[in-house]
Number of protein chains: 2
Amino acid sequence: MLEKYVPILNWGRHYSRDKFGRDFLAAVIVTIMLIPQSLAYALLAGLPPEVGLYASILPLVVYGIFGSSTSLAVGPVAVVSLMTAAAVGRVAQEGTADYASAAIILALLSGGILALMGLFRLGFIANFLSHPVISGFITASGLIIATSQLGGLFGISSHGHAMPELLASLTQGLGQINPYTLAVGASSLAALIWVRLGMKQTLVQLGMPAATATLAVRAAPVVVVLLAIGASYIFDLGGLGVALVGDVPQGIPLLSVPSLDFDIIGALIVPALIISIVGFVESISVAQTLAAKKRERIDPDRELMGLGAANIASAIGSGFPVTGGFARSVVNHDAGAATPAAGMFTAVGIAVATLLLTPFLALLPKATLAATIVVAVLALVDFSILRKSWNYSRADFVAVMSTLAGTLVFGVEVGISLGVAASILVFFYRSSRPHMAIVGRVPGTEHFRNIKRHEVRTDPHILALRVDESLYFANARYLEERIANEISGRQDITQVILMCPAINAIDMSALESLEAINIRLREQGIGLNLSEVKGPVMDRLKRTDFLDHLTGRVFLSHHDAVAALTSHGP
Amino acid sequence: MLEKYVPILNWGRHYSRDKFGRDFLAAVIVTIMLIPQSLAYALLAGLPPEVGLYASILPLVVYGIFGSSTSLAVGPVAVVSLMTAAAVGRVAQEGTADYASAAIILALLSGGILALMGLFRLGFIANFLSHPVISGFITASGLIIATSQLGGLFGISSHGHAMPELLASLTQGLGQINPYTLAVGASSLAALIWVRLGMKQTLVQLGMPAATATLAVRAAPVVVVLLAIGASYIFDLGGLGVALVGDVPQGIPLLSVPSLDFDIIGALIVPALIISIVGFVESISVAQTLAAKKRERIDPDRELMGLGAANIASAIGSGFPVTGGFARSVVNHDAGAATPAAGMFTAVGIAVATLLLTPFLALLPKATLAATIVVAVLALVDFSILRKSWNYSRADFVAVMSTLAGTLVFGVEVGISLGVAASILVFFYRSSRPHMAIVGRVPGTEHFRNIKRHEVRTDPHILALRVDESLYFANARYLEERIANEISGRQDITQVILMCPAINAIDMSALESLEAINIRLREQGIGLNLSEVKGPVMDRLKRTDFLDHLTGRVFLSHHDAVAALTSHGP
């Protein structure tokens with residue numbers, strides 16, 4: 001029983017020397033990748049860089065205990081960091097102690113929400129973030145994040161978490177460009193872009209084996225950071241006006257219980273919910289893809305518990321909201337991670353780095369971290385979803401555009417809410433007019449088909465309507481209207497047959513509509529009959545008095561219905 | 001073309017002496033019924049009683065021009081009046097000129113929203129108010145309205161538009177009960193209840209023909225009002241502390257264009273939207289029921305235009321939001337109304353009453369109007385929906401309870417919003433785990449059935465899964481999980497076949513899920529095949545590159561699929 005919620009009790013029992021070797025190698029590679037990213041994402045969240053390191057220690061250990069994915073690499077990620085900045089920026093001033101403490105509360109709330117969703121099996125809530133909404137949101141977030149880092153690259157101050165404010169503040173600051181910052185930022189950016197696009201090919205051409213070249217590419221961003229620190233020391237970049245990371249407290253903060261302020265909790269609860277769901281959706285998607293490669297399975301409810309525990313741990317370790325990162329998880333998997341222990345070893349690596357590296361980090365130019373972020377998030381920007389959804393269905397296109405435009409103009413929370421609202425509205429709009437067909441008999445057979453598509457025979461006294469969708473509140477009234485329209489002015493009709501083989505469910509609203517239809521037809525001397533009603537639907541109807549009042553009958557086959565009603569008449 | 005939007009051009013051309021006679025009689029009966037109700041509902045809305053008369057003149061004329069129902073009796077109704085009081089009470093103090101002007105703006109906004117919904121064919125928005133939500137809302141509103149009138153019956157002041165505040169203010173006021181008011185209120189209430197429950201039977205027993213008795217019952221509330229005015233004059237009830245209607249401006253206000261204040265418009269736009277939808281749903285439902293009795297049809301979009309025009313007219317005539325009333329419309333229909341002219345004649349009747357009756361109305365005790373309201377709204381309270389929905393489906397029960405409890409505790413707007421949110425959540429929750437069945441061949445046939453319900457044969461290398469619902473964002477991820485679960489640990493499976501005869505649509509999220517499933521299965525060396533895909537679904541899939549990347553094939557029949565994959569293997 002306990003093993004279900006604490007998977008480590010299961011895989012820990014079968015841990016082997018071989019698995020240790022694979023996990024250790026993966027951990028070394030992920031640690032090297034995570035150091036610059038964790039510093040950069042903390043800055044993106046508006047927090048001191050060391051907080052990114054804190055958020056990469058305890059959460060990884062705790063996820064290793066409670067999480068079920070053997071590949072997922074948990075930690076700070078770009079989109080969630082932007083969402084943290086937007087949420088916390090509304091309740092506190094960046095750079096203050098209140099800001100850091102609000103970020104901790106946000107992680108705690110987010111962890112609590114995830115854990116509760118797991119406990120009560122509410123993972124279905126994540127379904128509201130449809131694929132078009134997620135795609136539009138990630139692309140818009142990538143653009144906002146990249147734009148927000150332009151200030152850091154140019155050495156000018158900018159603020160805002162949506163495009164209008166960001167662009168306005170960048171335009172205002174254009175006069176203050178610091179040439180040295182620009183030089184550091186531009187060369188870091190160029191180096192990182194080369195690392196991503198051309199380095200592997202060059203190394204292979206120089207004779208390096210492909211596998212070694214891949215490893216070198218993954219370690220290269222740390223080398224860029226080290227070079228930037230070196231340059232900063234040699235040229236005294238700080239003295240030339242280049243913004244540096246500055247003094248970072250050495251060591252790891254003692255485990256702390258965050259102090260709780262109910263006003264701040266009230267203001268952060270909705271952002272925490274959105275962050276939880278976005279983080280979960282991102283995380284579960286990569287976890288399932290990687291699990292499939294190993295023929296393993298991911299239980300979404302247990303993943304909710306694992307991510308929830310990781311976020312609560314992040315709060316206790318003075319961090320900020322974390323989730324499973326896409327790129328890092330793929331690297332972790334490719335490097336051979338065999339169990340969640342890989343994440344625990346990564347945590348050890350980050351802890352060691354935190355203890356040893358902090359004296360050097362003071363010299364790191366912030367522009368280099370900004371370049372790290374820009375290169376990471378540009379991979380998120382993908383406009384192909386616009387063309388793809390336009391071609392596939394206008395409804396999905398509306399959802400993409402609402403989310404994309406909403407996020408760019410109004411920020412992350414409004415954008416995602418608009419997207420969800422648009423998805424729901426469009427869904428109900430489309431299903432409010434379900435496909436229905438008037439059917440007639442294919443001559444010489446017992447088959448009944450759409451009169452518009454086939455040569456069929458109909459009886460002038462019978463209206464036979466096939467409903468091609470489940471009946472529920474969104475389309476119940478349309479059925480009433482459709483039948484009223486078909487009947488109106490047709491004095492010859494004495495029997496209506498609803499052919500129901502495609503109706504998987506009838507909710508209470510639709511039941512009321514059927515009752516209203518029955519009564520209205522009765523007023524006109526017309527009988528209402530049903531044919532080919534599915535078993536579960538029939539079971540439910542039998543629990544009501546609808547069948548007692550039905551003016552007509554229920555037939556097992558539509559053929560029986562037409563035969564009975566044609567021969568006997570009304 | 002014009003006739004489509006202005007139905008009077010159509011029926012007006014064929015108007016006859018016979019129709020005039022029927023419309024005139026219906027108008028007389030409805031006018032007598034409407035006079036006390038319009039006064040009472042204006043008080044319920046927090047407005048001076050004469051405003052109820054104003055709202056019963058111009059809107060009826062305009063609905064007669066633009067409306068399509070031949071039976072609908074438009075005017076002030078109880079639930080919309082309560083909603084008006086709740087909305088306007090938030091932006092202005094009852095009894096002030098600002099309050100009356102905000103009510104006019106609310107009618108104007110509501111009319112504009114309805115007309116726009118009609119113009120852009122957005123009637124489907126009304127579908128969000130499912131039957132359980134409407135039932136719960138009407139019952140809760142009836143209870144709130146009845147409770148709010150207890151103050152008027154007892155002669156104590158009460159305030160609030162939800163139960164907690166109302167009950168608290170009533171309890172506080174218990175000491176101020178005026179015995180004369182109580183006497184007037186109790187006797188009015190007793191008289192009206194007898195009119196409703198026992199009068200017809202008594203008259204018939206006394207030898208009156210049933211039809212005449214029905215007419216007498218309908219006229220009786222006006223007699224109660226006249227008796228109350230007489231008693232007020234004879235006993236000088238005003239001098240005894242009984243609250244009277246007081247001086248009412250004589251005549252009808254000149255047509256006015258309401259003055260617009262953007263702050264107030266901003267505060268009223270959401271309430272106006274909710275009032276529009278609730279009013280429309282109530283109105284269209286009774287209009288369709290009555291139209292069916294005459295084999296006529298109602299076009300919802302034209303009804304939206306008709307009701308929208310009526311509300312704009314109400315604003316111009318210094319009124320407040322109106323809609324089609326259930327009880328009055330039934331009376332109008334039963335009395336023989338043949339065309340919308342019946343409503344126009346009713347408007348003339350109310351206009352004449354407004355000009356002649358106002359001197360007498362000053363003496364009318366407000367307690368009598370409170371009794372009128374209580375008797376009218378108790379007919380709305382119907383708890384049977386609780387038992388009915390509990391028996392039929394827990395999901396619908398949740399929607400009823402959310403709306404009922406939300407409305408009672410937090411008021412009309414929060415209540416209905418909670419109900420809609422609950423309906424949507426429950427709907428997506430239920431459809432997030434669609435029915436799927438692993439199928440096998442019924443021996444000796446080409447039929448494939450659920451392995452859990454039938455004796456069937458399966459191939460150990462083939463997983464054949466029938467999906468019994470359309471695939472879209474709410475259930476796409478569940479399909480991914482389900483397939484991953486079925487595959488996990490089953491090394492023998494080499495082919496997956498999705499049997500799709502019940503899939504009416506695949507949205508973009510589901511397409512992405514199918515692509516993810518295809519890639520994940522490919523990683524494991526398993527082919528993904530589809531069988532019995534419906535035509536429209538296949539057309540849409542062909543617009544994408546999904547079929548190019550599909551590792552397996554698409555088969556017309558499931559039998560073909562199994563035959564092909566069994567013989568050739570992977």
# chains A, B, ... in the order shown; residues from 1 in each chain; ligands from 1
call {"tool": "interface_residues", "arguments": {"of": "chain A", "to": "chain B", "cutoff": "6 Å", "atoms": "only C-alpha atoms", "output": "PyMOL selection string"}}
result
chain A and resi 127+130-131+292-293+295-296+473-474+488+509+520+523
call {"tool": "write_last_selection", "arguments": {"atoms": "N, CA and C atoms", "output": "JSON list (two decimals), in the first residue's frame"}}
result
[["chain", "number", "residue", "atom", "x", "y", "z"],
["A", 127, "ASN", "N", -6.93, 18.63, -18.18],
["A", 127, "ASN", "CA", -7.47, 18.51, -19.53],
["A", 127, "ASN", "C", -7.96, 19.83, -20.09],
["A", 130, "SER", "N", -6.06, 22.54, -23.28],
["A", 130, "SER", "CA", -6.01, 21.78, -24.51],
["A", 130, "SER", "C", -4.67, 22.01, -25.20],
["A", 131, "HIS", "N", -4.34, 21.14, -26.14],
["A", 131, "HIS", "CA", -3.07, 21.30, -26.83],
["A", 131, "HIS", "C", -2.91, 22.67, -27.50],
["A", 292, "ALA", "N", 7.45, 5.83, -22.25],
["A", 292, "ALA", "CA", 7.08, 4.90, -23.33],
["A", 292, "ALA", "C", 8.32, 4.28, -23.95],
["A", 293, "LYS", "N", 9.41, 5.04, -24.00],
["A", 293, "LYS", "CA", 10.64, 4.50, -24.60],
["A", 293, "LYS", "C", 11.16, 3.31, -23.80],
["A", 295, "ARG", "N", 9.06, 1.29, -22.10],
["A", 295, "ARG", "CA", 7.87, 0.47, -21.82],
["A", 295, "ARG", "C", 7.48, 0.56, -20.34],
["A", 296, "GLU", "N", 7.67, 1.73, -19.75],
["A", 296, "GLU", "CA", 7.20, 1.95, -18.39],
["A", 296, "GLU", "C", 5.90, 2.73, -18.46],
["A", 473, "PHE", "N", -26.81, 19.11, -22.16],
["A", 473, "PHE", "CA", -27.36, 20.46, -22.07],
["A", 473, "PHE", "C", -27.00, 21.35, -23.24],
["A", 474, "ALA", "N", -25.82, 21.12, -23.85],
["A", 474, "ALA", "CA", -25.42, 22.03, -24.92],
["A", 474, "ALA", "C", -26.23, 21.84, -26.19],
["A", 488, "SER", "N", -43.36, 21.45, -38.28],
["A", 488, "SER", "CA", -44.18, 22.63, -38.53],
["A", 488, "SER", "C", -44.68, 22.66, -39.98],
["A", 509, "SER", "N", -30.85, 17.59, -18.66],
["A", 509, "SER", "CA", -31.38, 18.63, -19.53],
["A", 509, "SER", "C", -31.99, 18.01, -20.78],
["A", 520, "ARG", "N", -45.24, 18.18, -26.45],
["A", 520, "ARG", "CA", -45.61, 19.05, -27.57],
["A", 520, "ARG", "C", -46.15, 18.23, -28.74],
["A", 523, "GLU", "N", -49.69, 17.11, -28.05],
["A", 523, "GLU", "CA", -50.68, 18.18, -28.30],
["A", 523, "GLU", "C", -51.11, 18.19, -29.76]]
call {"tool": "residues_around", "arguments": {"residues": "Leu116 of chain B", "least_positions_apart": "5", "cutoff": "10 Å", "atoms": "only C-alpha atoms", "output": "compact mmCIF listing (two decimals) with N, CA and C atoms, in the first residue's frame"}}
result
# COMPACT_ATOMS: atom_id res chain seq x y z
N SER B 110 -29.39 45.19 -21.24
CA SER B 110 -29.95 43.86 -21.43
C SER B 110 -30.58 43.76 -22.82
N GLY B 111 -31.29 44.80 -23.23
CA GLY B 111 -31.90 44.80 -24.56
C GLY B 111 -30.84 44.77 -25.65
N ARG B 121 -26.54 35.50 -34.02
CA ARG B 121 -26.97 34.11 -33.86
C ARG B 121 -26.21 33.42 -32.72
N LEU B 122 -26.15 34.10 -31.57
CA LEU B 122 -25.41 33.56 -30.43
C LEU B 122 -26.34 32.93 -29.40
N GLY B 123 -27.53 32.54 -29.85
CA GLY B 123 -28.48 31.96 -28.92
C GLY B 123 -27.94 30.73 -28.20
N ASP B 301 -33.44 32.99 -32.71
CA ASP B 301 -32.72 34.22 -33.02
C ASP B 301 -33.68 35.40 -33.15
N LEU B 304 -34.76 36.44 -29.72
CA LEU B 304 -33.75 37.29 -29.10
C LEU B 304 -33.93 38.74 -29.55
N MET B 305 -34.15 38.94 -30.86
CA MET B 305 -34.36 40.29 -31.38
C MET B 305 -35.61 40.91 -30.76
N GLY B 308 -34.99 41.69 -27.15
CA GLY B 308 -34.03 42.79 -27.09
C GLY B 308 -34.72 44.11 -27.36
call {"tool": "atom_distance", "arguments": {"atom1": "atom CA of Met163 of chain A", "atom2": "atom CA of Leu192 of chain A"}}
result
24.8 Å
call {"tool": "atom_distance", "arguments": {"atom1": "atom CA of Ile104 of chain B", "atom2": "atom CA of Gly317 of chain B"}}
result
8.7 Å
call {"tool": "residues_around", "arguments": {"residues": "Val456 of chain B", "least_positions_apart": "5", "cutoff": "8 Å", "atoms": "only C-alpha atoms", "output": "CSV table (one decimal) with all heavy atoms, in the first residue's frame"}}
result
chain,number,residue,atom,x,y,z
B,439,VAL,N,-11.8,-5.4,-27.8
B,439,VAL,CA,-12.7,-6.2,-28.5
B,439,VAL,C,-12.0,-7.4,-29.1
B,439,VAL,O,-10.8,-7.4,-29.3
B,439,VAL,CB,-13.4,-5.4,-29.6
B,439,VAL,CG1,-14.3,-4.3,-29.1
B,439,VAL,CG2,-12.4,-4.8,-30.6
B,440,GLY,N,-12.8,-8.5,-29.2
B,440,GLY,CA,-12.4,-9.7,-29.9
B,440,GLY,C,-13.5,-10.2,-30.8
B,440,GLY,O,-14.6,-9.7,-30.8
B,441,ARG,N,-13.1,-11.2,-31.6
B,441,ARG,CA,-14.1,-11.7,-32.6
B,441,ARG,C,-15.0,-12.7,-32.0
B,441,ARG,O,-14.7,-13.6,-31.3
B,441,ARG,CB,-13.3,-12.4,-33.7
B,441,ARG,CG,-14.1,-12.9,-34.9
B,441,ARG,CD,-13.4,-14.0,-35.7
B,441,ARG,NE,-12.2,-13.5,-36.2
B,441,ARG,CZ,-12.0,-13.0,-37.4
B,441,ARG,NH1,-13.1,-12.8,-38.1
B,441,ARG,NH2,-10.8,-12.6,-37.8
B,442,VAL,N,-16.3,-12.5,-32.3
B,442,VAL,CA,-17.3,-13.5,-32.0
B,442,VAL,C,-17.1,-14.7,-32.9
B,442,VAL,O,-17.1,-14.5,-34.1
B,442,VAL,CB,-18.8,-12.9,-32.2
B,442,VAL,CG1,-19.8,-14.0,-31.8
B,442,VAL,CG2,-18.9,-11.6,-31.4
B,443,PRO,N,-16.8,-15.9,-32.4
B,443,PRO,CA,-16.4,-17.0,-33.2
B,443,PRO,C,-17.3,-17.2,-34.4
B,443,PRO,O,-18.6,-17.2,-34.2
B,443,PRO,CB,-16.3,-18.2,-32.2
B,443,PRO,CG,-16.1,-17.5,-30.9
B,443,PRO,CD,-16.8,-16.2,-30.9
B,448,PHE,N,-17.1,-8.0,-33.9
B,448,PHE,CA,-16.2,-7.8,-32.8
B,448,PHE,C,-16.9,-7.2,-31.7
B,448,PHE,O,-17.6,-6.2,-31.8
B,448,PHE,CB,-15.0,-7.0,-33.3
B,448,PHE,CG,-14.1,-7.7,-34.3
B,448,PHE,CD1,-14.4,-7.8,-35.6
B,448,PHE,CD2,-12.9,-8.4,-33.8
B,448,PHE,CE1,-13.6,-8.6,-36.5
B,448,PHE,CE2,-12.1,-9.1,-34.7
B,448,PHE,CZ,-12.5,-9.2,-36.0
B,449,ARG,N,-16.7,-7.8,-30.5
B,449,ARG,CA,-17.4,-7.3,-29.3
B,449,ARG,C,-16.5,-7.2,-28.1
B,449,ARG,O,-15.4,-7.7,-28.1
B,449,ARG,CB,-18.6,-8.2,-28.9
B,449,ARG,CG,-19.7,-8.4,-30.0
B,449,ARG,CD,-20.7,-7.2,-29.8
B,449,ARG,NE,-21.8,-7.4,-30.8
B,449,ARG,CZ,-21.7,-7.0,-32.1
B,449,ARG,NH1,-20.6,-6.5,-32.6
B,449,ARG,NH2,-22.8,-7.2,-32.8
B,451,ILE,N,-14.6,-7.8,-24.9
B,451,ILE,CA,-14.2,-9.1,-24.3
B,451,ILE,C,-14.8,-9.3,-22.9
B,451,ILE,O,-14.8,-10.4,-22.5
B,451,ILE,CB,-12.6,-9.2,-24.2
B,451,ILE,CG1,-12.0,-8.1,-23.4
B,451,ILE,CG2,-12.0,-9.2,-25.6
B,451,ILE,CD1,-10.6,-8.4,-23.0
call {"tool": "atom_distance", "arguments": {"atom1": "atom CA of Ala190 of chain B", "atom2": "atom CA of Val217 of chain B"}}
result
14.4 Å
call {"tool": "select_by_dssp", "arguments": {"residues": "segment 197-250 of chain A", "states": "helix (DSSP H, G or I)", "output": "PyMOL selection string"}}
result
chain A and resi 197+199-205+210-235+237-240
call {"tool": "write_last_selection", "arguments": {"atoms": "N, CA, C and O atoms", "output": "compact mmCIF listing (two decimals), in the first residue's frame"}}
result
# COMPACT_ATOMS: atom_id res chain seq x y z
N LEU A 197 23.97 25.31 -32.41
CA LEU A 197 23.74 25.02 -33.83
C LEU A 197 24.93 24.39 -34.55
O LEU A 197 24.76 23.56 -35.43
N MET A 199 28.42 23.61 -33.04
CA MET A 199 29.58 23.06 -32.33
C MET A 199 29.76 21.56 -32.56
O MET A 199 30.86 21.10 -32.86
N LYS A 200 28.65 20.82 -32.48
CA LYS A 200 28.79 19.37 -32.58
C LYS A 200 29.38 18.97 -33.94
O LYS A 200 30.33 18.18 -34.02
N GLN A 201 28.83 19.60 -35.00
CA GLN A 201 29.28 19.29 -36.35
C GLN A 201 30.79 19.59 -36.49
O GLN A 201 31.56 18.79 -37.03
N THR A 202 31.19 20.76 -35.95
CA THR A 202 32.59 21.15 -36.04
C THR A 202 33.49 20.13 -35.34
O THR A 202 34.52 19.70 -35.88
N LEU A 203 33.10 19.73 -34.12
CA LEU A 203 33.91 18.78 -33.35
C LEU A 203 34.02 17.45 -34.09
O LEU A 203 35.10 16.84 -34.14
N VAL A 204 32.88 17.01 -34.67
CA VAL A 204 32.91 15.74 -35.39
C VAL A 204 33.83 15.85 -36.61
O VAL A 204 34.62 14.95 -36.90
N GLN A 205 33.73 17.01 -37.30
CA GLN A 205 34.61 17.21 -38.47
C GLN A 205 36.08 17.22 -38.04
O GLN A 205 36.96 16.81 -38.79
N ALA A 210 31.17 11.09 -32.16
CA ALA A 210 29.89 11.79 -32.02
C ALA A 210 29.42 11.83 -30.56
O ALA A 210 28.94 12.87 -30.08
N ALA A 211 29.57 10.72 -29.83
CA ALA A 211 29.09 10.68 -28.45
C ALA A 211 29.85 11.67 -27.58
O ALA A 211 29.26 12.41 -26.77
N THR A 212 31.17 11.73 -27.73
CA THR A 212 31.97 12.68 -26.97
C THR A 212 31.58 14.11 -27.34
O THR A 212 31.49 14.99 -26.48
N ALA A 213 31.34 14.34 -28.64
CA ALA A 213 30.95 15.68 -29.09
C ALA A 213 29.64 16.11 -28.43
O ALA A 213 29.49 17.26 -28.00
N THR A 214 28.68 15.16 -28.32
CA THR A 214 27.41 15.48 -27.66
C THR A 214 27.64 15.89 -26.21
O THR A 214 27.07 16.87 -25.72
N LEU A 215 28.50 15.13 -25.51
CA LEU A 215 28.82 15.48 -24.12
C LEU A 215 29.44 16.86 -24.05
O LEU A 215 29.10 17.68 -23.19
N ALA A 216 30.37 17.14 -24.96
CA ALA A 216 31.07 18.44 -24.96
C ALA A 216 30.07 19.57 -25.16
O ALA A 216 30.14 20.61 -24.50
N VAL A 217 29.09 19.36 -26.07
CA VAL A 217 28.08 20.40 -26.33
C VAL A 217 27.28 20.67 -25.05
O VAL A 217 26.97 21.81 -24.73
N ARG A 218 26.97 19.61 -24.32
CA ARG A 218 26.16 19.79 -23.11
C ARG A 218 26.93 20.53 -22.02
O ARG A 218 26.36 21.24 -21.21
N ALA A 219 28.23 20.32 -21.96
CA ALA A 219 29.04 20.99 -20.94
C ALA A 219 29.42 22.41 -21.35
O ALA A 219 29.80 23.23 -20.52
N ALA A 220 29.31 22.72 -22.66
CA ALA A 220 29.80 24.00 -23.18
C ALA A 220 29.20 25.24 -22.50
O ALA A 220 29.94 26.19 -22.23
N PRO A 221 27.88 25.26 -22.18
CA PRO A 221 27.36 26.48 -21.54
C PRO A 221 28.08 26.80 -20.23
O PRO A 221 28.29 27.98 -19.92
N VAL A 222 28.50 25.75 -19.49
CA VAL A 222 29.25 26.03 -18.26
C VAL A 222 30.59 26.67 -18.60
O VAL A 222 31.07 27.57 -17.90
N VAL A 223 31.21 26.23 -19.70
CA VAL A 223 32.48 26.82 -20.12
C VAL A 223 32.28 28.30 -20.47
O VAL A 223 33.08 29.16 -20.11
N VAL A 224 31.16 28.60 -21.16
CA VAL A 224 30.86 30.01 -21.48
C VAL A 224 30.76 30.83 -20.20
O VAL A 224 31.30 31.94 -20.10
N VAL A 225 30.08 30.26 -19.20
CA VAL A 225 29.95 30.95 -17.91
C VAL A 225 31.33 31.17 -17.29
O VAL A 225 31.65 32.28 -16.82
N LEU A 226 32.18 30.14 -17.33
CA LEU A 226 33.52 30.27 -16.74
C LEU A 226 34.34 31.32 -17.49
O LEU A 226 35.03 32.14 -16.87
N LEU A 227 34.25 31.32 -18.82
CA LEU A 227 34.96 32.32 -19.62
C LEU A 227 34.48 33.73 -19.26
O LEU A 227 35.29 34.67 -19.15
N ALA A 228 33.17 33.88 -19.09
CA ALA A 228 32.62 35.19 -18.76
C ALA A 228 33.14 35.64 -17.40
O ALA A 228 33.48 36.82 -17.20
N ILE A 229 33.21 34.69 -16.43
CA ILE A 229 33.75 35.04 -15.11
C ILE A 229 35.21 35.47 -15.24
O ILE A 229 35.64 36.48 -14.66
N GLY A 230 35.96 34.72 -16.06
CA GLY A 230 37.37 35.06 -16.29
C GLY A 230 37.51 36.45 -16.88
O GLY A 230 38.30 37.28 -16.40
N ALA A 231 36.71 36.73 -17.92
CA ALA A 231 36.78 38.03 -18.57
C ALA A 231 36.43 39.14 -17.59
O ALA A 231 37.05 40.21 -17.55
N SER A 232 35.41 38.84 -16.77
CA SER A 232 34.97 39.83 -15.78
C SER A 232 36.10 40.17 -14.82
O SER A 232 36.34 41.34 -14.49
N TYR A 233 36.86 39.16 -14.42
CA TYR A 233 37.98 39.36 -13.49
C TYR A 233 39.11 40.13 -14.16
O TYR A 233 39.62 41.13 -13.64
N ILE A 234 39.51 39.67 -15.36
CA ILE A 234 40.66 40.27 -16.06
C ILE A 234 40.40 41.72 -16.43
O ILE A 234 41.23 42.60 -16.20
N PHE A 235 39.19 42.00 -17.00
CA PHE A 235 38.93 43.35 -17.49
C PHE A 235 38.19 44.23 -16.48
O PHE A 235 37.78 45.34 -16.81
N LEU A 237 35.14 44.09 -15.39
CA LEU A 237 33.91 44.52 -16.05
C LEU A 237 32.98 45.26 -15.10
O LEU A 237 32.30 46.20 -15.50
N GLY A 238 32.98 44.87 -13.83
CA GLY A 238 32.14 45.56 -12.86
C GLY A 238 32.44 47.04 -12.83
O GLY A 238 31.55 47.89 -12.81
N GLY A 239 33.75 47.37 -12.85
CA GLY A 239 34.15 48.77 -12.84
C GLY A 239 33.74 49.52 -14.10
O GLY A 239 33.62 50.75 -14.10
N LEU A 240 33.49 48.78 -15.19
CA LEU A 240 33.09 49.41 -16.46
C LEU A 240 31.57 49.53 -16.57
O LEU A 240 31.05 49.87 -17.63
call {"tool": "residues_around", "arguments": {"residues": "Leu44 of chain A", "least_positions_apart": "3", "cutoff": "9 Å", "atoms": "only C-alpha atoms", "output": "list in words"}}
result
Leu39, Ala40, Tyr41, Leu47, Ala78, Ser81, Leu82, Thr84, Ala85, Ile145, Ser148, Gln149, Ala370 and Ile373 of chain A
call {"tool": "select_by_dssp", "arguments": {"residues": "segment 422-515 of chain A", "states": "strand (DSSP E or B)", "output": "PyMOL selection string"}}
result
chain A and resi 436-441+448-450+457+462-467+471+495-499+506
call {"tool": "residues_around", "arguments": {"residues": "segment 338-344 of chain A", "least_positions_apart": "3", "cutoff": "7 Å", "atoms": "only C-alpha atoms", "output": "list in words"}}
result
Lys19, Arg22, Asp23, Phe24, Ala26, Ala27, Leu60, Val61, Gly64, Ser69, Thr70, Ser71, Ala73, Ala347 and Val348 of chain A
